[in-house]
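What's in data16.csv: CSV, C-alpha atoms
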chain,number,residue,atom,x,y,z
Q,1,MET,CA,19.8,-7.3,5.4
Q,2,ILE,CA,17.1,-5.0,6.8
Q,3,ASN,CA,18.7,-1.9,8.2
Q,4,ARG,CA,17.7,-0.2,11.5
Q,5,PHE,CA,17.3,3.6,11.5
Q,6,GLN,CA,16.8,6.3,14.1
Q,7,CYS,CA,14.6,9.3,13.4
Q,8,LEU,CA,16.4,12.5,14.4
Q,9,SER,CA,13.1,14.3,14.8
Q,10,CYS,CA,11.5,12.0,17.4
Q,11,GLY,CA,14.3,9.6,18.4
Q,12,GLY,CA,12.2,6.6,17.4
Q,13,GLN,CA,14.0,3.5,16.0
Q,14,TYR,CA,12.6,1.4,13.2
Q,15,PHE,CA,13.5,-1.1,10.5
Q,16,GLU,CA,13.4,0.1,6.9
Q,17,ALA,CA,11.3,-2.9,5.8
Q,18,GLN,CA,9.4,-5.8,7.3
Q,19,ALA,CA,10.1,-9.5,7.0
Q,20,ASP,CA,7.5,-9.7,4.2
Q,21,GLY,CA,9.7,-7.3,2.1
Q,22,ILE,CA,7.3,-4.4,2.3
Q,23,PRO,CA,9.0,-1.1,3.0
Q,24,TYR,CA,8.1,0.6,6.3
Q,25,ALA,CA,7.1,4.2,6.3
Q,26,HIS,CA,8.0,5.9,9.6
Q,27,VAL,CA,5.8,8.8,10.8
Q,28,CYS,CA,6.6,10.7,14.0
Q,29,GLY,CA,4.0,10.7,16.7
Q,30,PRO,CA,2.6,13.8,18.4
Q,31,LEU,CA,4.3,15.5,21.4
Q,32,PRO,CA,3.2,14.5,24.9
Q,33,PRO,CA,0.1,16.4,26.1
Q,34,ASP,CA,0.7,19.7,27.8
Q,35,LYS,CA,-0.5,20.5,31.3
Q,36,ASN,CA,-4.0,21.1,29.9
Q,37,GLY,CA,-4.0,17.7,28.2
Q,38,VAL,CA,-3.7,19.1,24.7
Q,39,GLU,CA,-1.6,17.1,22.2
Q,40,VAL,CA,0.1,19.0,19.4
Q,41,GLU,CA,2.0,17.6,16.4
Q,42,ARG,CA,5.8,17.8,16.5
Q,43,ALA,CA,7.3,20.7,14.7
Q,44,GLY,CA,9.6,19.3,11.9
Q,45,LYS,CA,8.0,15.8,12.1
Q,46,ARG,CA,9.2,13.2,9.7
Q,47,ASP,CA,6.6,11.5,7.4
Q,48,GLU,CA,8.0,8.9,5.0
Q,49,ASN,CA,4.8,8.3,3.1
Q,50,PRO,CA,5.2,9.1,-0.6
Q,51,ALA,CA,4.5,12.6,-1.7
Q,52,ILE,CA,2.5,12.7,-4.9
Q,53,ALA,CA,2.4,15.6,-7.4
Q,54,LYS,CA,-0.7,16.8,-9.1
Q,55,GLY,CA,-0.1,14.7,-12.2
Q,56,GLY,CA,0.1,11.5,-10.1
Q,57,ALA,CA,3.9,11.2,-10.0
Q,58,VAL,CA,5.7,10.3,-6.8
Q,59,ILE,CA,8.2,13.1,-6.0
Q,60,GLY,CA,9.7,12.0,-2.7
Q,61,ILE,CA,8.5,11.6,0.9
Q,62,ARG,CA,6.0,13.9,2.5
Q,63,ALA,CA,8.4,15.4,5.2
Q,64,GLU,CA,12.1,14.9,5.8
Q,65,GLY,CA,12.0,16.3,9.3
Q,66,LYS,CA,15.5,16.4,10.8
Q,67,GLY,CA,16.5,13.3,8.8
Q,68,VAL,CA,17.6,9.9,10.0
Q,69,LYS,CA,20.7,8.0,11.1
Q,70,CYS,CA,21.3,4.4,10.1
Q,71,LEU,CA,22.3,2.4,13.1
Q,72,SER,CA,23.4,-0.7,11.2
Q,73,ASP,CA,25.3,0.8,8.2
Q,74,ALA,CA,26.9,4.2,8.6
Q,75,ALA,CA,27.1,4.6,4.8
Q,76,LEU,CA,23.4,4.7,4.4
Q,77,LYS,CA,21.8,8.2,4.5
Q,78,GLU,CA,18.2,7.0,4.4
Q,79,PRO,CA,16.2,3.8,4.0
Q,80,ARG,CA,17.1,2.3,0.6
Q,81,TRP,CA,13.5,2.2,-0.6
Q,82,ILE,CA,13.3,6.0,-0.1
Q,83,ALA,CA,16.5,6.5,-2.1
Q,84,ALA,CA,15.0,4.3,-4.9
Q,85,LEU,CA,11.8,6.2,-4.8
Q,86,LYS,CA,13.6,9.5,-5.2
Q,87,ALA,CA,15.7,8.1,-8.0
Q,88,ARG,CA,12.4,7.2,-9.9
Q,89,ALA,CA,10.9,10.6,-9.3
Q,90,PRO,CA,10.7,12.9,-12.4
Q,91,LYS,CA,13.3,15.6,-12.3
Q,92,GLU,CA,12.5,19.2,-12.4
Q,93,GLU,CA,14.3,19.7,-15.7
Q,94,ASP,CA,12.0,16.9,-17.2
Q,95,ASP,CA,9.0,19.1,-16.3
Q,96,ASP,CA,10.7,22.1,-18.0
Q,97,ALA,CA,11.4,20.0,-21.1
Q,98,ALA,CA,7.8,18.9,-21.3
M,1,MET,CA,-17.0,2.0,-36.3
M,2,GLY,CA,-20.4,1.4,-37.7
M,3,SER,CA,-22.3,-1.2,-39.6
M,4,SER,CA,-20.5,-0.1,-42.7
M,5,SER,CA,-17.1,-1.2,-41.4
M,6,ASN,CA,-15.6,-4.3,-43.1
M,7,TYR,CA,-13.1,-6.5,-41.4
M,8,SER,CA,-11.5,-9.5,-43.1
M,9,THR,CA,-10.0,-11.4,-40.2
M,10,ASP,CA,-7.5,-14.2,-39.8
M,11,ALA,CA,-10.4,-16.2,-38.4
M,12,SER,CA,-11.6,-16.9,-41.9
M,13,ALA,CA,-8.4,-18.7,-42.9
M,14,VAL,CA,-9.0,-22.2,-44.0
M,15,SER,CA,-7.1,-24.8,-42.0
M,16,PRO,CA,-6.3,-28.2,-43.6
M,17,GLY,CA,-8.2,-30.2,-41.0
M,18,ARG,CA,-11.2,-27.9,-40.5
M,19,GLN,CA,-14.5,-29.4,-40.0
M,20,ILE,CA,-16.5,-26.3,-39.2
M,21,GLY,CA,-16.6,-23.4,-41.6
M,22,LEU,CA,-17.2,-19.9,-40.4
M,23,ASP,CA,-18.2,-17.0,-42.6
M,24,VAL,CA,-16.7,-14.1,-40.9
M,25,GLN,CA,-16.1,-11.8,-43.8
M,26,ASN,CA,-17.8,-8.5,-43.2
M,27,ALA,CA,-18.7,-9.5,-39.7
M,28,SER,CA,-18.5,-7.0,-36.9
M,29,PRO,CA,-15.5,-7.3,-34.6
M,30,PRO,CA,-16.3,-9.6,-31.7
M,31,THR,CA,-15.2,-7.0,-29.1
M,32,GLY,CA,-16.3,-3.7,-27.7
M,33,ALA,CA,-12.8,-2.4,-27.0
M,34,TYR,CA,-12.1,-0.1,-29.9
M,35,LEU,CA,-8.9,1.9,-29.7
M,36,GLY,CA,-8.8,5.0,-31.8
M,37,VAL,CA,-5.8,7.0,-32.8
M,38,ASP,CA,-6.2,9.4,-29.9
M,39,ASP,CA,-6.7,6.6,-27.4
M,40,THR,CA,-4.1,4.9,-25.2
M,41,LEU,CA,-4.2,1.7,-23.3
M,42,TRP,CA,-3.2,2.4,-19.8
M,43,LEU,CA,-2.1,0.2,-17.0
M,44,MET,CA,-2.4,1.4,-13.4
M,45,ALA,CA,-0.5,-0.6,-10.8
M,46,SER,CA,-0.3,-0.1,-7.1
M,47,SER,CA,2.0,-2.3,-5.0
M,48,SER,CA,3.0,-2.4,-1.4
M,49,VAL,CA,6.1,-4.4,-2.2
M,50,ASN,CA,9.0,-3.4,-4.5
M,51,ASN,CA,10.0,-5.0,-7.8
M,52,VAL,CA,6.7,-6.6,-8.8
M,53,ILE,CA,7.0,-7.8,-12.5
M,54,LEU,CA,3.7,-7.5,-14.3
M,55,THR,CA,3.2,-9.3,-17.6
M,56,VAL,CA,0.6,-7.8,-19.9
M,57,THR,CA,-0.5,-10.0,-22.8
M,58,TYR,CA,-3.0,-8.9,-25.4
M,59,ARG,CA,-4.2,-9.6,-28.9
M,60,LEU,CA,-5.2,-6.9,-31.3
M,61,LEU,CA,-7.4,-7.0,-34.4
M,62,MET,CA,-5.9,-4.6,-36.9
M,63,PRO,CA,-7.8,-2.7,-39.6
M,64,ASP,CA,-6.3,-5.0,-42.3
M,65,GLY,CA,-7.8,-8.0,-40.5
M,66,SER,CA,-4.7,-9.4,-39.1
M,67,ILE,CA,-4.5,-10.5,-35.5
M,68,VAL,CA,-1.4,-9.3,-33.6
M,69,PRO,CA,-0.4,-10.9,-30.3
M,70,ASN,CA,1.8,-8.9,-28.0
M,71,GLN,CA,3.3,-9.1,-24.5
M,72,GLN,CA,5.0,-6.5,-22.4
M,73,GLN,CA,6.4,-6.4,-18.9
M,74,VAL,CA,6.7,-3.6,-16.4
M,75,ASN,CA,8.5,-3.4,-13.1
M,76,VAL,CA,6.4,-1.8,-10.4
M,77,GLY,CA,7.9,0.0,-7.4
M,78,GLY,CA,6.5,-0.2,-3.9
M,79,GLY,CA,5.0,2.5,-1.8
M,80,ARG,CA,1.3,1.7,-2.7
M,81,SER,CA,0.9,4.9,-4.7
M,82,PRO,CA,-0.6,4.4,-8.2
M,83,ASN,CA,2.0,3.9,-11.0
M,84,TRP,CA,0.8,4.7,-14.6
M,85,TYR,CA,2.0,2.9,-17.7
M,86,PRO,CA,0.9,3.9,-21.2
M,87,PHE,CA,0.8,1.4,-24.1
M,88,THR,CA,0.6,3.4,-27.3
M,89,LEU,CA,-1.1,1.3,-29.9
M,90,PRO,CA,-2.3,1.8,-33.5
M,91,GLU,CA,-6.0,2.0,-34.3
M,92,CYS,CA,-7.3,-1.4,-33.5
M,93,PHE,CA,-9.8,-3.6,-31.6
M,94,ILE,CA,-8.5,-5.3,-28.4
M,95,LEU,CA,-9.6,-8.9,-28.6
M,96,GLY,CA,-8.4,-9.9,-25.2
M,97,LEU,CA,-6.0,-8.9,-22.4
M,98,SER,CA,-4.6,-10.5,-19.4
M,99,ILE,CA,-2.2,-9.3,-16.6
M,100,THR,CA,-0.2,-11.7,-14.4
M,101,SER,CA,2.5,-11.0,-11.8
M,102,ASN,CA,5.3,-12.7,-10.0
M,103,GLN,CA,3.4,-12.6,-6.8
M,104,SER,CA,2.1,-15.7,-4.9
M,105,ALA,CA,-1.7,-15.9,-4.5
M,106,SER,CA,-1.2,-15.8,-0.7
M,107,PHE,CA,-0.2,-12.2,-0.8
M,108,PRO,CA,-2.6,-9.6,-2.3
M,109,GLN,CA,0.1,-6.9,-2.6
M,110,CYS,CA,-0.4,-5.6,-6.1
M,111,TYR,CA,-3.6,-4.1,-7.6
M,112,VAL,CA,-3.9,-3.4,-11.3
M,113,THR,CA,-6.4,-1.7,-13.6
M,114,ALA,CA,-6.3,-1.7,-17.4
M,115,MET,CA,-8.2,1.0,-19.1
M,116,ILE,CA,-8.6,3.0,-22.3
M,117,SER,CA,-8.2,6.7,-21.9
M,118,ARG,CA,-7.6,9.9,-23.9
M,119,GLY,CA,-4.6,11.5,-22.1
M,120,ASN,CA,-3.2,10.5,-18.7
M,121,PRO,CA,-6.1,9.0,-16.8
M,122,VAL,CA,-5.3,11.1,-13.8
M,123,VAL,CA,-6.3,14.2,-15.7
M,124,GLY,CA,-7.8,12.8,-18.9
M,125,VAL,CA,-11.0,11.0,-19.9
M,126,ILE,CA,-11.2,7.3,-19.1
M,127,SER,CA,-13.6,5.9,-21.7
M,128,GLN,CA,-13.5,2.2,-20.7
M,129,VAL,CA,-12.1,0.2,-17.8
M,130,LEU,CA,-11.3,-3.3,-19.1
M,131,CYS,CA,-10.3,-5.2,-16.0
M,132,GLN,CA,-9.1,-4.7,-12.5
M,133,GLY,CA,-8.2,-6.7,-9.4
M,134,TYR,CA,-5.3,-8.1,-7.3
M,135,CYS,CA,-2.8,-9.7,-9.6
M,136,TYR,CA,-1.0,-13.0,-9.0
M,137,GLN,CA,1.3,-15.4,-10.8
M,138,ILE,CA,-1.3,-17.8,-12.0
M,139,ALA,CA,-4.6,-16.1,-11.2
M,140,GLY,CA,-4.3,-12.8,-13.1
M,141,VAL,CA,-6.9,-10.4,-14.2
M,142,SER,CA,-8.3,-10.5,-17.7
M,143,TRP,CA,-10.7,-9.0,-20.2
M,144,PRO,CA,-13.2,-9.8,-21.5
M,145,ASN,CA,-13.5,-13.0,-19.4
M,146,GLY,CA,-12.6,-12.5,-15.8
M,147,VAL,CA,-13.8,-11.2,-12.4
M,148,ASN,CA,-13.3,-7.5,-11.6
M,149,THR,CA,-12.8,-6.7,-8.0
M,150,THR,CA,-12.4,-3.4,-6.2
M,151,ALA,CA,-9.3,-3.1,-4.0
M,152,LEU,CA,-11.4,-3.3,-0.9
M,153,GLY,CA,-13.6,-6.1,-2.2
M,154,ALA,CA,-11.2,-9.0,-1.7
M,155,PRO,CA,-9.5,-10.6,1.3
M,156,GLY,CA,-6.6,-8.4,2.4
M,157,ASN,CA,-3.0,-9.1,3.0
M,158,ILE,CA,-2.3,-10.5,6.5
M,159,ARG,CA,0.8,-8.8,7.8
M,160,SER,CA,3.0,-8.8,10.9
M,161,ILE,CA,4.5,-5.4,11.3
M,162,THR,CA,7.3,-4.3,13.6
M,163,GLY,CA,6.5,-0.7,14.5
M,164,THR,CA,8.7,2.2,15.7
M,165,THR,CA,10.2,1.9,19.2
M,166,PRO,CA,9.9,5.4,20.6
M,167,ALA,CA,12.5,7.3,22.5
M,168,ALA,CA,12.5,6.9,26.3
M,169,GLY,CA,9.5,8.6,27.8
M,170,ALA,CA,7.6,8.8,24.5
M,171,GLN,CA,4.4,7.0,23.6
M,172,ILE,CA,4.1,4.6,20.7
M,173,SER,CA,2.5,6.0,17.6
M,174,GLU,CA,1.8,4.0,14.5
M,175,SER,CA,0.3,5.6,11.4
M,176,VAL,CA,-1.6,3.6,8.7
M,177,PRO,CA,0.5,4.1,5.5
M,178,SER,CA,-0.9,6.2,2.7
M,179,SER,CA,-3.0,4.3,0.1
M,180,ALA,CA,-3.7,1.5,2.6
M,181,ARG,CA,-6.5,0.4,4.9
M,182,TRP,CA,-5.8,-1.8,7.9
M,183,ARG,CA,-8.0,-4.0,10.0
M,184,LEU,CA,-6.3,-4.3,13.3
M,185,ILE,CA,-6.2,-7.9,14.6
M,186,ALA,CA,-3.6,-7.9,17.4
M,187,ILE,CA,-0.9,-5.8,19.1
M,188,ARG,CA,1.9,-6.8,21.4
M,189,LEU,CA,4.2,-4.3,23.2
M,190,THR,CA,6.4,-4.0,26.3
M,191,LEU,CA,6.4,-1.3,28.9
M,192,THR,CA,9.5,-1.1,31.2
M,193,THR,CA,9.1,1.3,34.1
M,194,VAL,CA,11.8,2.9,36.2
M,195,ALA,CA,12.0,3.1,39.9
M,196,THR,CA,10.2,6.4,40.4
M,197,GLY,CA,6.7,7.8,40.2
M,198,PRO,CA,3.2,6.4,40.7
M,199,GLY,CA,2.0,3.2,39.0
M,200,ARG,CA,1.4,3.3,35.3
M,201,VAL,CA,-1.8,2.5,33.5
M,202,MET,CA,-1.6,1.2,29.9
M,203,ALA,CA,-4.1,2.6,27.4
M,204,LEU,CA,-4.5,2.4,23.7
M,205,THR,CA,-6.1,5.2,21.6
M,206,PHE,CA,-7.2,5.3,18.0
M,207,ASP,CA,-7.4,8.5,16.1
M,208,ASP,CA,-8.1,9.8,12.6
M,209,GLY,CA,-4.9,11.8,12.6
M,210,VAL,CA,-6.4,14.5,14.8
M,211,ASN,CA,-9.4,13.3,16.8
M,212,ILE,CA,-9.4,10.3,19.1
M,213,PHE,CA,-12.4,8.1,18.3
M,214,CYS,CA,-11.7,5.2,20.7
M,215,SER,CA,-9.7,4.6,23.9
M,216,ASP,CA,-9.0,1.3,25.4
M,217,THR,CA,-7.7,1.5,29.0
M,218,THR,CA,-6.4,-1.6,30.8
M,219,PRO,CA,-7.8,-1.8,34.4
M,220,LEU,CA,-4.4,-2.6,35.8
M,221,ILE,CA,-1.7,-0.6,37.6
M,222,GLN,CA,1.8,-1.5,36.5
M,223,PRO,CA,4.3,-1.0,39.4
M,224,VAL,CA,7.6,0.7,39.2
M,225,SER,CA,10.7,-1.2,38.1
M,226,THR,CA,8.8,-3.8,36.1
M,227,ALA,CA,8.7,-4.9,32.5
M,228,TRP,CA,5.2,-6.0,31.4
M,229,ILE,CA,4.2,-7.4,28.1
M,230,TYR,CA,0.8,-6.4,26.8
M,231,ASN,CA,-1.0,-8.5,24.3
M,232,TYR,CA,-4.1,-7.1,22.7
M,233,ALA,CA,-6.4,-9.0,20.3
M,234,ASP,CA,-10.0,-8.7,19.2
M,235,GLY,CA,-10.7,-12.3,20.4
M,236,PHE,CA,-9.7,-11.7,24.0
M,237,ALA,CA,-12.5,-11.2,26.5
M,238,GLY,CA,-11.4,-8.2,28.6
M,239,VAL,CA,-8.3,-8.5,30.7
M,240,VAL,CA,-7.9,-12.3,31.3
M,241,ASN,CA,-4.5,-12.2,33.2
M,242,THR,CA,-2.9,-9.9,35.6
M,243,GLY,CA,0.9,-9.5,35.6
M,244,SER,CA,3.0,-10.1,32.6
M,245,PRO,CA,2.1,-11.2,30.0
M,246,ILE,CA,-1.3,-9.4,30.0
M,247,MET,CA,-4.0,-10.3,27.6
M,248,ALA,CA,-6.5,-7.5,26.8
M,249,GLN,CA,-9.3,-6.9,24.4
M,250,LEU,CA,-9.3,-4.9,21.2
M,251,PRO,CA,-12.4,-3.5,19.6
M,252,GLN,CA,-13.6,-6.1,17.2
M,253,HIS,CA,-13.2,-5.4,13.5
M,254,MET,CA,-11.4,-2.0,13.8
M,255,PRO,CA,-11.0,-0.6,10.3
M,256,LEU,CA,-8.4,2.2,10.0
M,257,ASN,CA,-7.9,4.4,7.0
M,258,GLN,CA,-4.7,5.9,5.8
M,259,THR,CA,-3.0,8.3,8.2
M,260,TRP,CA,-5.1,7.1,11.1
M,261,ARG,CA,-3.1,6.1,14.1
M,262,ILE,CA,-2.7,3.5,16.8
M,263,ARG,CA,-1.1,5.0,19.9
M,264,THR,CA,-0.4,4.3,23.5
M,265,SER,CA,-1.5,6.8,26.1
M,266,VAL,CA,0.1,5.4,29.2
M,267,VAL,CA,-1.0,7.3,32.3
M,268,ASN,CA,1.9,8.5,34.6
M,269,LEU,CA,4.5,7.6,32.0
M,270,ASP,CA,7.9,8.7,33.4
M,271,PRO,CA,10.4,10.4,31.1
M,272,ALA,CA,12.7,7.5,31.6
M,273,ASP,CA,10.1,4.7,31.0
M,274,GLN,CA,10.6,2.7,27.8
M,275,LEU,CA,7.9,1.4,25.5
M,276,SER,CA,9.4,-1.1,23.1
M,277,ALA,CA,8.9,-4.0,20.6
M,278,PRO,CA,5.5,-2.9,19.2
M,279,GLN,CA,4.3,-5.7,16.9
M,280,TYR,CA,1.0,-5.5,15.0
M,281,LEU,CA,-1.0,-8.1,13.2
M,282,VAL,CA,-3.2,-6.4,10.6
M,283,GLU,CA,-5.1,-7.2,7.4
M,284,GLU,CA,-4.1,-4.7,4.8
M,285,TRP,CA,-5.8,-3.5,1.6
M,286,LEU,CA,-4.6,-1.1,-1.0
M,287,THR,CA,-6.9,1.9,-1.5
M,288,VAL,CA,-6.6,3.0,-5.1
Can you give me the file's structure in the form of structure tokens?
Amino acid sequence: MINRFQCLSCGGQYFEAQADGIPYAHVCGPLPPDKNGVEVERAGKRDENPAIAKGGAVIGIRAEGKGVKCLSDAALKEPRWIAALKARAPKEEDDDAA
Amino acid sequence: MGSSSNYSTDASAVSPGRQIGLDVQNASPPTGAYLGVDDTLWLMASSSVNNVILTVTYRLLMPDGSIVPNQQQVNVGGGRSPNWYPFTLPECFILGLSITSNQSASFPQCYVTAMISRGNPVVGVISQVLCQGYCYQIAGVSWPNGVNTTALGAPGNIRSITGTTPAAGAQISESVPSSARWRLIAIRLTLTTVATGPGRVMALTFDDGVNIFCSDTTPLIQPVSTAWIYNYADGFAGVVNTGSPIMAQLPQHMPLNQTWRIRTSVVNLDPADQLSAPQYLVEEWLTV
């Protein structure tokens, strides 16, 4: 089952993955233009693209924003692929040990 | 490794039914892939889909002349970012190496590179790239015989993507994922207008994350209290239908780098209007 989420930063709704099995990375769009027609990025925007440390390791997503709410399974705190990505990320203590 | 190196190899073993004899004693190893004690064989894999199983098979010529076959598997996570896998081996020559995956050839979703490096290739010294390309179940990549391709030098993955449905009154915004490049082929979306305000005008904009480099405005006014479906494709010749569904033109061959965006810029969008069901058809490459 592919779960549906709502972004608490922008209110957008999206599925955590596509029918081809590829995870979907939600990114908040900019705010509507002001009276002068200038668009600005949303403060606290969510960006689910992977964040990569200097050594090349994935350490999470780029920006959590205000978080998400799962509309199809209240037990889920975030898309499952993001939870798996965070579980694979090297822990801070690993760096200390190295 | 110089002309003074002597290698007695398994290739000189006499088989009972042999008809051709080879004198391979003291011959130079038939390969240029020398792995010193400070070198490591590295595999880089970038995948858009989770749980890709890569099978790495290789044969090593050891200093004592024996030939050692080996096979290892790695499970690659999605997210398109490069994953690095070290294979620590003794001093040897690599005679051959192949990489296959559990992916169908219809879906170029996993790109691999095998290389010899001193230290992590991200910060170390890559001394030799052995092979690279999109990796499939049967058609893998191999060294020394094989075709190397760059990640952008092969047909991309054709994908149908359901985008984010924005909140009421907000525009659609879709970002190209990191480590990906898209060629936009078609878009379909719906605009439902409420009973107030002037007519709406649908427009698409394309930006590089900051600056708009292309706008595509539909020369139609959508009345209040209507739900119009807009179909954009790069084969359509302008607006060829009025009323819903609308067929409108996209710029042909629109390449979009990572973090670049496809957005709507509906004129006179009311705070209660709803844009919904954005569906994209794209060709996707990994950019590693």
Please indicate the distance in Å from CA of Gly44 (chain Q) to CA of Lys86 (chain Q), rounded to one decimal place.
20.1 Å
Any idea what the distance is between CA of Tyr134 (chain M) and CA of Ala154 (chain M)?
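Computing the Euclidean distance for CA of Tyr134 (chain M) and CA of Ala154 (chain M) yields 8.2 Å.
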Ranking Q:Leu8, Q:Ile2, Q:Ala63, Q:Ala25 by minimum distance to chain M and counting all atoms listed in the file, which one comes first?
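Distance minimum relative to chain M lands on Q:Ala25.
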Counting only C-alpha atoms, which residues from chain Q have an atom at most 6 Å from any atom of chain M, and could you show them as a ChimeraX atom specification?
/Q:11-14,22,29
Point-to-point distance from CA of Gly153 (chain M) to CA of Leu54 (chain M), Å rounded to tenths:
21.2 Å
Need to verify the contact set: Gln72 (chain M), 12 Å, only C-alpha atoms, exclusion of same-chain residues closer than 3 positions in sequence. Can you return it as a list in words?
Leu43, Ile53, Leu54, Thr55, Val56, Thr57, Tyr58, Arg59, Pro69, Asn75, Tyr85, Pro86, Phe87, Thr88, Leu97, Ser98, Ile99, Thr100 and Ser101 of chain M
Rank M:Gly133, M:Pro144, M:Gly119, M:Gly65 by their smallest atom-to-atom distance to Gly96 (chain M), using all atoms listed in the file, and report the top residue only.
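Closest residue, counting all atoms listed in the file: M:Pro144.
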Skipping near chain neighbours, those fewer than 4 positions away, what residues fall within 9 Å of Gly32 (chain M) using only C-alpha atoms, listed as a PyMOL selection string?
chain M and resi 93-95
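Minimum distance to Asp273 (chain M) across M:Ile116, M:Ala227, M:Val74, M:Met44 (counting only C-alpha atoms) occurs at M:Ala227.
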Give as a PyMOL selection string the set of residues within 7 Å of the point (9.6, 17.1, 12.8), where distances use the file's coordinates and only C-alpha atoms.
chain Q and resi 9+42-46+65-66
For Ile61 (chain Q), which residue out of Q:Asn49, Q:Gln18, Q:Gln6, Q:Asn36 is the nearest one, using only C-alpha atoms?
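The shortest atom-to-atom distance to Ile61 (chain Q) comes from Q:Asn49.
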Write out as a PyMOL selection string the residues lying within 6 Å of Val58 (chain Q), counting all atoms listed in the file and excluding same-chain residues fewer than 3 positions away.
chain Q and resi 51-52+89
Restricting the calculation to all atoms listed in the file: of M:Val267, M:Val52, M:Pro223, M:Pro63, which residue gets closest to Ser104 (chain M)?
M:Val52
Write out as a compact mmCIF listing (two decimals) with C-alpha atoms, in the coordinates of the input each polymer residue whose atoms come within 7 Å of Phe15 (chain Q), counting all atoms listed in the file; drop sequence neighbours fewer than 5 positions from it.
# COMPACT_ATOMS: atom_id res chain seq x y z
CA ILE Q 2 17.10 -5.00 6.80
CA ASN Q 3 18.70 -1.90 8.20
CA ARG Q 4 17.70 -0.20 11.50
CA PHE Q 5 17.30 3.60 11.50
Can you pull out every residue within 12 Å of Phe213 (chain M), counting all atoms listed in the file, but drop anything in the same chain fewer than 6 positions away, and send it as a list in words?
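Returned residues: Leu204, Thr205, Phe206, Asp207, Pro251, Met254, Pro255, Leu256, Trp260, Arg261, Ile262 and Arg263 of chain M.
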For C-alpha atoms, I'd like the residues from the last selection saved as an mmCIF file, in the frame of the given file.
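Once written, part.cif looks like this:
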data_model
loop_
_atom_site.group_PDB
_atom_site.id
_atom_site.type_symbol
_atom_site.label_atom_id
_atom_site.label_comp_id
_atom_site.auth_asym_id
_atom_site.auth_seq_id
_atom_site.Cartn_x
_atom_site.Cartn_y
_atom_site.Cartn_z
ATOM 1 C CA LEU M 204 -4.500 2.400 23.700
ATOM 2 C CA THR M 205 -6.100 5.200 21.600
ATOM 3 C CA PHE M 206 -7.200 5.300 18.000
ATOM 4 C CA ASP M 207 -7.400 8.500 16.100
ATOM 5 C CA PRO M 251 -12.400 -3.500 19.600
ATOM 6 C CA MET M 254 -11.400 -2.000 13.800
ATOM 7 C CA PRO M 255 -11.000 -0.600 10.300
ATOM 8 C CA LEU M 256 -8.400 2.200 10.000
ATOM 9 C CA TRP M 260 -5.100 7.100 11.100
ATOM 10 C CA ARG M 261 -3.100 6.100 14.100
ATOM 11 C CA ILE M 262 -2.700 3.500 16.800
ATOM 12 C CA ARG M 263 -1.100 5.000 19.900
#
I need the residue nearest Leu85 (chain Q) from this list: Q:Cys70, Q:Ala57, Q:Val40, Q:Met1. Use only C-alpha atoms for the distance.
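Looking at the shortest contact to Leu85 (chain Q), the residue is Q:Ala57.
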Export: region 37-47 of chain Q, N, CA and C atoms, as a short mmCIF file (atom, residue, chain, number, x, y, z; two decimals), in the first residue's frame:
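In the end it all went to result-v4.cif:
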data_model
loop_
_atom_site.label_atom_id
_atom_site.label_comp_id
_atom_site.auth_asym_id
_atom_site.auth_seq_id
_atom_site.Cartn_x
_atom_site.Cartn_y
_atom_site.Cartn_z
N GLY Q 37 4.47 41.41 -7.15
CA GLY Q 37 4.73 40.28 -8.03
C GLY Q 37 5.98 39.49 -7.68
N VAL Q 38 6.52 39.74 -6.50
CA VAL Q 38 7.75 39.04 -6.10
C VAL Q 38 7.38 37.77 -5.34
N GLU Q 39 7.97 36.68 -5.77
CA GLU Q 39 7.76 35.39 -5.10
C GLU Q 39 8.90 35.13 -4.13
N VAL Q 40 8.58 34.69 -2.96
CA VAL Q 40 9.63 34.32 -2.00
C VAL Q 40 9.41 32.89 -1.56
N GLU Q 41 10.50 32.23 -1.17
CA GLU Q 41 10.39 30.86 -0.69
C GLU Q 41 9.70 30.85 0.68
N ARG Q 42 9.02 29.80 0.94
CA ARG Q 42 8.28 29.62 2.18
C ARG Q 42 9.26 29.43 3.34
N ALA Q 43 9.05 30.18 4.43
CA ALA Q 43 9.89 29.96 5.61
C ALA Q 43 9.54 28.59 6.20
N GLY Q 44 10.53 27.82 6.54
CA GLY Q 44 10.27 26.49 7.09
C GLY Q 44 9.75 25.52 6.05
N LYS Q 45 10.20 25.66 4.80
CA LYS Q 45 9.74 24.75 3.75
C LYS Q 45 10.29 23.35 4.00
N ARG Q 46 9.56 22.36 3.51
CA ARG Q 46 9.99 20.97 3.62
C ARG Q 46 10.64 20.57 2.29
N ASP Q 47 11.75 19.87 2.39
CA ASP Q 47 12.45 19.37 1.21
C ASP Q 47 12.91 17.94 1.53
#
